[in-house]
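This is target11.txt. It holds compact mmCIF, C-alpha atoms.
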# COMPACT_ATOMS: atom_id res chain seq x y z
CA MET W 227 0.00 0.00 0.00
CA SER W 228 1.19 3.50 -0.75
CA LEU W 229 0.85 6.44 1.66
CA LEU W 230 -0.57 9.57 0.03
CA LEU W 231 -0.91 12.73 2.16
CA ASP W 232 -3.82 15.03 1.49
CA ALA W 233 -5.94 17.08 3.89
CA THR W 234 -9.21 15.91 2.37
CA GLU W 235 -8.72 12.65 0.34
CA PHE W 236 -7.65 9.12 1.31
CA TYR W 237 -6.84 6.34 -1.17
CA THR W 238 -5.99 2.63 -1.11
CA ILE W 239 -3.28 2.00 -3.73
CA PRO W 240 -2.21 -1.54 -4.66
CA PRO W 241 1.43 -2.21 -5.57
CA HIS W 242 0.50 -3.30 -9.13
CA SER W 243 1.76 -0.19 -10.87
CA LYS W 244 1.25 -1.72 -14.37
CA ARG W 245 -2.31 -2.87 -13.80
CA SER W 246 -5.56 -1.12 -14.21
CA PRO W 247 -6.49 1.64 -11.79
CA THR W 248 -8.19 0.81 -8.52
CA SER W 249 -10.68 2.74 -6.55
CA CYS W 250 -10.70 4.20 -3.08
CA ILE W 251 -14.17 4.00 -1.68
CA ARG W 252 -15.06 6.85 0.69
CA GLY W 253 -18.53 8.06 0.03
CA ARG W 254 -18.63 8.96 -3.67
CA GLN W 255 -14.96 8.90 -4.69
CA GLN W 256 -13.75 8.85 -8.30
CA ARG W 257 -11.10 6.56 -9.71
CA THR W 258 -7.50 7.67 -9.44
CA SER W 259 -4.56 6.33 -11.48
CA TRP W 260 -1.05 6.05 -10.10
CA GLY W 261 2.33 5.08 -11.53
CA GLY W 262 5.61 3.88 -10.07
CA ASP W 263 7.29 0.77 -8.75
CA LEU W 264 6.95 -0.84 -5.34
CA LEU W 265 9.79 0.94 -3.54
CA GLY W 266 9.94 4.15 -5.49
CA ARG W 267 8.09 7.41 -5.10
CA TRP W 268 5.09 8.25 -7.18
CA VAL W 269 3.13 11.24 -8.26
CA GLY W 270 -0.61 10.95 -8.81
CA LYS W 271 -2.74 13.25 -10.87
CA ARG W 272 -6.35 13.74 -10.04
CA GLN W 273 -8.38 16.67 -11.14
CA GLY W 274 -5.27 18.71 -11.92
CA ARG W 275 -3.70 18.38 -8.41
CA ARG W 276 -0.28 16.99 -7.43
CA TYR W 277 0.30 14.60 -4.54
CA PHE W 278 3.30 13.18 -2.77
CA GLY W 279 3.38 9.68 -1.29
CA ALA W 280 5.54 6.79 -0.13
CA ARG W 281 5.06 3.05 -0.70
CA LEU W 282 3.88 0.84 2.15
CA PRO W 283 3.32 -2.95 2.16
CA TYR W 284 0.13 -3.79 0.33
CA VAL W 285 -2.56 -5.38 2.49
CA GLY W 286 -5.15 -5.97 -0.16
CA ASN W 287 -7.84 -4.14 -2.00
CA ALA W 288 -9.60 -2.91 1.09
CA PRO W 289 -12.52 -0.68 0.32
CA SER W 290 -11.51 1.77 3.01
CA CYS W 291 -8.93 4.48 2.45
CA ALA W 292 -5.56 3.66 4.01
CA ALA W 293 -3.38 6.27 2.39
CA ILE W 294 -3.20 9.94 3.30
CA GLY W 295 -2.27 12.64 0.81
CA TRP W 296 -1.19 16.26 1.12
CA THR W 297 -0.82 18.82 -1.59
CA TRP W 298 2.57 20.47 -2.05
CA PRO W 299 1.56 23.90 -0.62
CA LYS W 300 0.04 22.29 2.45
CA MET W 301 3.03 20.01 2.81
CA GLY W 302 5.42 22.99 2.82
CA SER W 303 3.38 24.90 5.39
CA MET W 304 3.27 21.98 7.78
CA LEU W 305 6.98 21.28 7.38
CA PHE W 306 7.80 24.93 8.10
CA ALA W 307 5.62 24.91 11.22
CA ALA W 308 7.17 21.66 12.45
CA VAL W 309 10.72 22.95 11.96
CA PHE W 310 9.88 26.26 13.69
CA ILE W 311 8.38 24.52 16.74
CA ALA W 312 11.29 22.10 16.94
CA LEU W 313 13.86 24.89 16.82
CA HIS W 314 11.93 26.90 19.42
CA PHE W 315 11.92 24.10 21.96
CA ALA W 316 15.44 23.02 21.09
CA THR W 317 16.94 26.47 21.70
CA GLY W 318 14.62 27.64 24.49
CA GLY W 319 16.10 25.39 27.11
CA LEU W 320 19.66 26.34 26.15
CA ALA W 321 19.16 30.14 25.96
CA ASN W 322 21.78 31.97 28.05
CA PRO W 323 22.69 29.05 30.34
CA ASP W 324 25.51 31.03 31.99
CA ALA W 325 23.11 33.72 33.23
CA LYS W 326 20.71 31.08 34.53
CA ARG W 327 23.49 29.30 36.41
CA LEU W 328 24.69 32.63 37.84
CA TYR W 329 21.18 33.53 38.97
CA ASP W 330 20.78 30.17 40.71
CA ASP W 331 24.17 30.43 42.42
CA LEU W 332 23.59 33.98 43.69
CA LEU W 333 20.02 33.71 44.95
CA SER W 334 19.63 30.06 45.91
CA ASN W 335 20.62 30.74 49.54
CA TYR W 336 20.13 34.51 49.56
CA ASN W 337 18.11 36.08 52.40
CA ARG W 338 16.66 39.40 51.31
CA LEU W 339 15.59 40.32 54.85
CA ILE W 340 19.13 40.70 56.21
CA ARG W 341 21.21 43.84 55.69
CA PRO W 342 24.06 42.88 53.30
CA VAL W 343 27.13 43.54 55.47
CA GLY W 344 29.90 41.24 56.60
CA ASN W 345 29.66 42.30 60.25
CA ASN W 346 26.65 43.70 62.04
CA SER W 347 28.67 46.76 63.08
CA ASP W 348 29.58 47.65 59.49
CA ARG W 349 27.94 50.66 57.88
CA LEU W 350 26.27 50.21 54.50
CA THR W 351 26.49 53.24 52.20
CA VAL W 352 23.39 53.90 50.12
CA LYS W 353 23.55 56.60 47.46
CA MET W 354 20.38 58.09 46.09
CA GLY W 355 19.30 60.73 43.63
CA LEU W 356 16.19 62.00 41.89
CA ARG W 357 15.44 62.27 38.20
CA LEU W 358 12.44 64.49 37.61
CA SER W 359 10.25 63.33 34.74
CA GLN W 360 7.16 65.51 35.04
CA LEU W 361 5.72 68.22 37.25
CA ILE W 362 2.15 66.96 37.34
CA ASP W 363 0.44 69.58 39.48
CA VAL W 364 0.96 72.35 42.03
CA ASN W 365 -2.22 72.66 44.06
CA LEU W 366 -2.25 76.16 45.57
CA LYS W 367 -5.33 75.64 47.71
CA ASN W 368 -4.07 72.40 49.30
CA GLN W 369 -0.39 73.43 49.06
CA ILE W 370 0.66 70.12 47.53
CA MET W 371 3.04 69.47 44.63
CA THR W 372 2.66 66.24 42.65
CA THR W 373 5.63 65.00 40.63
CA ASN W 374 6.63 61.97 38.61
CA VAL W 375 10.20 61.03 39.55
CA TRP W 376 12.73 58.23 39.21
CA VAL W 377 14.30 57.38 42.59
CA GLU W 378 17.86 56.30 41.80
CA GLN W 379 19.51 54.12 44.48
CA GLU W 380 22.91 52.44 44.55
CA TRP W 381 24.66 50.29 47.16
CA ASN W 382 27.10 47.38 47.42
CA ASP W 383 26.00 43.88 48.36
CA TYR W 384 28.95 41.65 49.18
CA LYS W 385 26.82 38.53 48.71
CA LEU W 386 26.17 39.40 45.06
CA LYS W 387 29.76 39.33 43.77
CA TRP W 388 31.08 36.92 41.15
CA ASN W 389 33.89 36.37 38.68
CA PRO W 390 32.68 36.96 35.10
CA ASP W 391 35.20 34.41 33.76
CA ASP W 392 33.39 31.65 35.68
CA TYR W 393 30.07 32.45 34.00
CA GLY W 394 30.90 32.92 30.35
CA GLY W 395 31.80 36.61 30.67
CA VAL W 396 28.48 37.69 32.22
CA ASP W 397 29.28 40.88 34.16
CA THR W 398 25.74 42.23 34.79
CA LEU W 399 22.50 40.55 35.72
CA HIS W 400 18.94 41.90 35.83
CA VAL W 401 16.89 40.40 38.65
CA PRO W 402 13.47 41.21 40.12
CA SER W 403 13.87 43.73 42.91
CA GLU W 404 11.63 41.63 45.17
CA HIS W 405 14.32 38.93 45.32
CA ILE W 406 17.11 41.01 46.88
CA TRP W 407 17.58 43.30 49.87
CA LEU W 408 16.33 46.84 49.31
CA PRO W 409 16.95 49.92 51.48
CA ASP W 410 13.77 51.16 53.17
CA ILE W 411 14.10 54.69 51.82
CA VAL W 412 10.79 56.47 52.30
CA ALA W 413 9.59 60.00 51.67
CA ASP W 414 8.20 62.49 54.13
CA GLY W 415 4.88 62.62 52.31
CA ASN W 416 2.78 60.51 49.97
CA TYR W 417 5.28 58.41 48.08
CA GLU W 418 4.10 55.58 45.83
CA VAL W 419 6.29 53.38 43.63
CA THR W 420 4.31 52.78 40.43
CA ILE W 421 6.37 49.87 39.02
CA MET W 422 8.72 47.51 40.87
CA THR W 423 11.40 47.55 38.19
CA LYS W 424 14.26 45.08 38.05
CA ALA W 425 17.53 45.76 39.81
CA ILE W 426 20.85 45.64 37.96
CA LEU W 427 23.58 43.56 39.60
CA HIS W 428 27.23 44.16 38.71
CA HIS W 429 29.94 41.58 39.25
CA THR W 430 31.65 43.92 41.73
CA GLY W 431 28.64 43.71 44.06
CA LYS W 432 27.20 47.06 43.03
CA VAL W 433 23.39 47.12 42.90
CA VAL W 434 21.48 49.79 40.95
CA TRP W 435 17.73 50.22 41.34
CA LYS W 436 15.72 53.01 39.67
CA PRO W 437 11.98 52.64 40.28
CA PRO W 438 9.52 55.29 39.01
CA ALA W 439 7.27 56.89 41.61
CA ILE W 440 4.50 59.43 42.05
CA TYR W 441 5.44 61.79 44.88
CA LYS W 442 3.26 64.33 46.67
CA SER W 443 5.18 66.87 48.72
CA PHE W 444 4.33 69.90 50.83
CA CYS W 445 4.73 73.44 49.54
CA GLU W 446 4.43 76.55 51.69
CA ILE W 447 2.64 78.76 49.18
CA ASP W 448 3.33 82.50 49.28
CA VAL W 449 0.86 84.41 47.08
CA GLU W 450 1.87 87.96 47.94
CA TYR W 451 3.20 88.64 44.44
CA PHE W 452 0.69 86.49 42.57
CA PRO W 453 0.87 85.89 39.62
CA PHE W 454 4.53 87.03 39.58
CA ASP W 455 5.45 84.66 42.40
CA GLU W 456 8.05 81.99 43.13
CA GLN W 457 7.33 78.92 45.23
CA THR W 458 9.71 76.52 46.97
CA CYS W 459 8.70 72.90 47.51
CA PHE W 460 10.53 70.22 49.48
CA MET W 461 11.00 66.49 48.99
CA LYS W 462 12.55 64.72 51.96
CA PHE W 463 13.85 61.13 51.86
CA GLY W 464 15.32 59.00 54.62
CA SER W 465 15.55 55.47 56.00
CA TRP W 466 12.52 54.39 58.01
CA THR W 467 14.17 51.91 60.40
CA TYR W 468 17.96 52.15 59.99
CA ASP W 469 19.95 54.82 61.82
CA GLY W 470 23.03 56.57 60.48
CA TYR W 471 25.39 53.94 61.91
CA MET W 472 23.68 51.15 59.96
CA VAL W 473 22.82 52.89 56.67
CA ASP W 474 24.84 55.89 55.55
CA LEU W 475 22.54 57.78 53.19
CA ARG W 476 24.34 60.00 50.69
CA HIS W 477 23.57 61.83 47.47
CA LEU W 478 24.88 60.44 44.19
CA LYS W 479 26.72 63.70 43.42
CA GLN W 480 27.80 64.48 46.96
CA THR W 481 31.46 65.25 47.64
CA PRO W 482 33.16 63.99 50.83
CA ASP W 483 33.76 67.50 52.19
CA SER W 484 30.27 68.95 51.69
CA ASP W 485 26.66 68.04 52.38
CA ASN W 486 25.24 70.58 49.93
CA ILE W 487 24.61 69.72 46.29
CA GLU W 488 23.97 72.61 43.93
CA VAL W 489 22.17 70.53 41.30
CA GLY W 490 20.47 67.82 43.31
CA ILE W 491 17.82 66.73 40.78
CA ASP W 492 18.51 65.41 37.29
CA LEU W 493 16.43 67.30 34.71
CA GLN W 494 17.64 65.61 31.52
CA ASP W 495 14.32 63.78 30.96
CA TYR W 496 12.08 66.54 32.29
CA TYR W 497 8.92 67.43 30.36
CA ILE W 498 8.55 71.21 30.43
CA SER W 499 5.53 72.39 32.38
CA VAL W 500 3.07 74.80 30.78
CA GLU W 501 2.54 76.67 34.05
CA TRP W 502 5.83 76.61 35.98
CA ASP W 503 9.52 77.18 35.28
CA ILE W 504 12.07 75.36 37.43
CA MET W 505 14.67 77.85 38.62
CA ARG W 506 16.83 75.92 41.13
CA VAL W 507 17.04 72.30 42.30
CA PRO W 508 19.55 72.12 45.18
CA ALA W 509 19.77 69.29 47.70
CA VAL W 510 21.20 69.00 51.19
CA ARG W 511 22.09 66.03 53.40
CA ASN W 512 21.06 66.40 57.03
CA GLU W 513 22.24 64.49 60.09
CA LYS W 514 19.93 64.86 63.08
CA PHE W 515 20.06 63.62 66.67
CA TYR W 516 16.90 63.08 68.68
CA SER W 517 16.42 62.98 72.43
CA CYS W 518 15.21 59.39 72.30
CA CYS W 519 18.30 57.91 70.69
CA GLU W 520 22.06 58.25 70.62
CA GLU W 521 22.37 57.34 66.95
CA PRO W 522 22.08 59.96 64.20
CA TYR W 523 19.34 59.79 61.60
CA LEU W 524 20.10 60.87 58.06
CA ASP W 525 17.90 62.37 55.39
CA ILE W 526 18.25 64.16 52.06
CA VAL W 527 16.06 67.17 51.27
CA PHE W 528 15.52 68.15 47.64
CA ASN W 529 14.37 71.73 47.02
CA LEU W 530 12.47 72.86 43.95
CA THR W 531 12.18 76.58 43.31
CA LEU W 532 9.35 77.23 40.86
CA ARG W 533 8.45 80.45 39.08
CA ARG W 534 5.00 80.87 37.61
CA LYS W 535 4.54 81.61 33.92
CA THR W 536 2.53 84.82 33.88
CA LEU W 537 1.26 85.06 30.30
CA PHE W 538 -2.07 83.34 31.00
CA TYR W 539 -2.87 85.44 34.06
CA THR W 540 -1.70 88.65 32.42
CA VAL W 541 -4.00 88.22 29.43
CA ASN W 542 -7.03 86.82 31.25
CA LEU W 543 -6.88 88.58 34.63
CA ILE W 544 -4.58 91.60 34.91
CA ILE W 545 -5.28 93.37 31.60
CA PRO W 546 -9.09 93.13 31.96
CA CYS W 547 -8.91 94.42 35.55
CA VAL W 548 -6.74 97.38 34.59
CA GLY W 549 -8.93 98.15 31.57
CA ILE W 550 -12.09 98.16 33.66
CA SER W 551 -10.40 100.38 36.25
CA PHE W 552 -9.57 102.98 33.59
CA LEU W 553 -13.26 103.23 32.81
CA SER W 554 -13.71 104.91 36.18
CA VAL W 555 -12.06 108.03 34.71
CA LEU W 556 -15.13 108.49 32.51
CA VAL W 557 -17.21 109.09 35.61
CA PHE W 558 -15.74 112.61 35.94
CA TYR W 559 -16.91 113.54 32.44
CA LEU W 560 -20.53 112.68 33.09
CA PRO W 561 -22.94 115.23 34.59
CA SER W 562 -23.66 114.76 38.27
CA ASP W 563 -27.42 114.64 37.66
CA SER W 564 -27.05 112.05 34.87
CA GLY W 565 -28.35 108.55 35.49
CA GLU W 566 -25.64 107.03 33.31
CA LYS W 567 -23.03 108.02 35.91
CA ILE W 568 -24.53 105.74 38.55
CA SER W 569 -25.09 102.95 36.01
CA LEU W 570 -21.45 103.11 34.89
CA CYS W 571 -20.15 103.00 38.47
CA ILE W 572 -22.34 100.03 39.34
CA SER W 573 -21.25 98.17 36.20
CA ILE W 574 -17.58 98.75 37.06
CA LEU W 575 -18.14 97.56 40.64
CA LEU W 576 -19.85 94.38 39.47
CA SER W 577 -17.06 93.63 36.99
CA LEU W 578 -14.34 94.12 39.61
CA THR W 579 -16.29 91.94 42.04
CA VAL W 580 -16.34 89.11 39.50
CA PHE W 581 -12.56 89.31 39.04
CA PHE W 582 -12.05 89.49 42.80
CA LEU W 583 -14.08 86.29 43.28
CA LEU W 584 -12.09 84.66 40.50
CA LEU W 585 -8.86 85.58 42.28
CA ALA W 586 -10.19 84.14 45.54
CA GLU W 587 -10.83 80.82 43.78
CA ILE W 588 -7.25 80.58 42.56
CA ILE W 589 -5.19 81.54 45.60
CA PRO W 590 -5.23 79.48 48.83
CA PRO W 591 -7.49 80.68 51.66
CA THR W 592 -4.72 82.11 53.83
CA SER W 593 -4.76 84.97 56.30
CA LEU W 594 -1.00 85.43 56.37
CA THR W 595 -0.86 87.76 53.40
CA VAL W 596 -3.03 89.38 50.74
CA PRO W 597 -1.77 89.35 47.14
CA LEU W 598 -0.96 92.68 45.54
CA LEU W 599 -3.55 92.06 42.85
CA GLY W 600 -6.20 91.64 45.52
CA LYS W 601 -5.13 94.88 47.18
CA TYR W 602 -5.38 96.66 43.83
CA LEU W 603 -8.91 95.36 43.23
CA LEU W 604 -10.02 96.38 46.74
CA PHE W 605 -8.56 99.87 46.35
CA THR W 606 -10.26 100.32 42.96
CA MET W 607 -13.61 99.14 44.30
CA MET W 608 -13.39 101.58 47.23
CA LEU W 609 -12.45 104.40 44.85
CA ILE W 610 -15.40 103.70 42.54
CA THR W 611 -17.72 103.54 45.52
CA GLY W 612 -16.50 106.98 46.64
CA TYR W 613 -17.16 108.39 43.16
CA THR W 614 -20.67 107.10 43.29

This entry written out as structure tokens:
Amino acid sequence: MSLLLDATEFYTIPPHSKRSPTSCIRGRQQRTSWGGDLLGRWVGKRQGRRYFGARLPYVGNAPSCAAIGWTWPKMGSMLFAAVFIALHFATGGLANPDAKRLYDDLLSNYNRLIRPVGNNSDRLTVKMGLRLSQLIDVNLKNQIMTTNVWVEQEWNDYKLKWNPDDYGGVDTLHVPSEHIWLPDIVADGNYEVTIMTKAILHHTGKVVWKPPAIYKSFCEIDVEYFPFDEQTCFMKFGSWTYDGYMVDLRHLKQTPDSDNIEVGIDLQDYYISVEWDIMRVPAVRNEKFYSCCEEPYLDIVFNLTLRRKTLFYTVNLIIPCVGISFLSVLVFYLPSDSGEKISLCISILLSLTVFFLLLAEIIPPTSLTVPLLGKYLLFTMMLITGYT
């Protein structure tokens, strides 16, 4: 019997290549003729299609179909799929075996809950920095600044060292940050890590972790010169449980002889805000002692000095207010017994009142100071009232 591969047709083919054609009975099948010897290959033609088959021992003229046939296009597609799947599974298990062996050797007995120092009295130096990505919002009423930052942290873990020559030249390894020890650096405010990114391990033991975070910090808003004002916001970071003798917190750009960093925040990837300009971004490292403890506690404070862009407020607030105020000059040119004089004064008062309410909606409800623009509106309203 010959084996003929086809997705839809099955045939029983006797080995008598010189004899008359035989039939394959499957429902209403038509006769098919074949040629070739017992051990050779054959090509059958039926209704203009080409088939490929191989000879099998003949078992008789069974009425059922015992041969399977495939057309050449279908045969090529299936062969391609089979080769692709075989190569995928053959290479998948062998992909980067040196990195897999290194990962198993480093983290098989690793305890991520223990501070990575040789002796308990050793101090672990953790360097951190901020990379500002976006200034999301500065809420004047609630005095809160919301930013999108990358918190860059670096430290050395002596348990994560290796010789690259022993692992096929692998000198760096990316591992999930949940599998290694992480410093408990927290912010004095609402600080939320959006994605637990992978940490980068270097063969020297250096660990680099840069998770993105949404940070909400406090701003002491001063609106005296609104809208020509500058605001200073603070972002404070420090260890939650470790004192200064256990974790030495330092800035990435800090020099040994100074705790002040002139440019403390990286602005290379900063998206320019449409409302604020960043003027200065210094940072300072503080070491504080508390009455409860003998150990120092370290923190790093990042300062952002923001200056408001005044074009929007100048066009939509200041110029209309000044223009309406100049209308009060027309009051002197109207007769005292004219009714239009009172109507003009009342219209000016109502317009200034609207702008004053608009200003009150923008600035925070503080009693410490009154903005100069508010003082101007109050003075103009009192002056118009006196004219009336």

Counting all atoms listed in the file, the residue among W:Cys459, W:Ile588, W:Val343, W:Ile426 that lies closest to W:Ile370 is W:Cys459

With distances taken over all atoms listed in the file, the candidate from W:Thr579, W:Thr531, W:Ser347, W:Thr536 nearest W:Gln457 is W:Thr531

Closest to W:Val375 among W:Leu399, W:Val434, W:Leu493, W:Met472, using all atoms listed in the file?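 Closest candidate: W:Leu493.
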
### Message
Would you pick out the contacts of W:Ile572 at 12 Å or less, using all atoms listed in the file, so that residues sharing its chain but fewer than 6 positions from it are not included, and give the list as a VMD selection string?
### Response
chain W and resid 550 553 to 554 557 565 to 566 578 to 579 607 610 to 614

message = For a cutoff of 7 Å around the file-coordinate point (9.7, 41.7, 42.1), which residues qualify once you count all atoms listed in the file? I'd like the result as JSON, numbers by chain.
response = {"W": [402, 403, 404, 405, 422, 424]}

Pick out the closest residue to W:Thr398 from this set: W:Leu328, W:Val364, W:Met354, W:Met461. Count only C-alpha atoms.
->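 Looking only at the distances to W:Thr398, the closest residue turns out to be W:Leu328.
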
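For stretch 494-498 of chain W, the set of protein, DNA and RNA residues having any atom at most 7 Å away, when counting all atoms listed in the file and skipping those fewer than 5 positions along the same chain, is Leu358, Ser359 and Gln360 of chain W.
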
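If all atoms listed in the file are the atoms counted, then among W:Arg533, W:Lys514, W:Lys367, W:Arg476 the closest residue to W:Thr351 is W:Arg476.
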
Suppose you want the space between atom CA of W:Trp388 and atom CA of W:Leu332; what is it in Å?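 Atom-to-atom, atom CA of W:Trp388 to atom CA of W:Leu332, that is 8.4 Å.
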
Which residue, W:Asp414, W:Ser334, W:Trp435, W:Asp348, has the smallest gap to W:Val377 when you use only C-alpha atoms?
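Counting only C-alpha atoms, the residue closest to W:Val377 is W:Trp435.
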
To one decimal place in Å, what is the distance between atom CA of W:Leu570 and atom CA of W:Phe452?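 Going from atom CA of W:Leu570 over to atom CA of W:Phe452 covers 28.7 Å.
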
As a check of understanding: the span from atom CA of W:Pro342 to atom CA of W:Pro390 is 21.0 Å
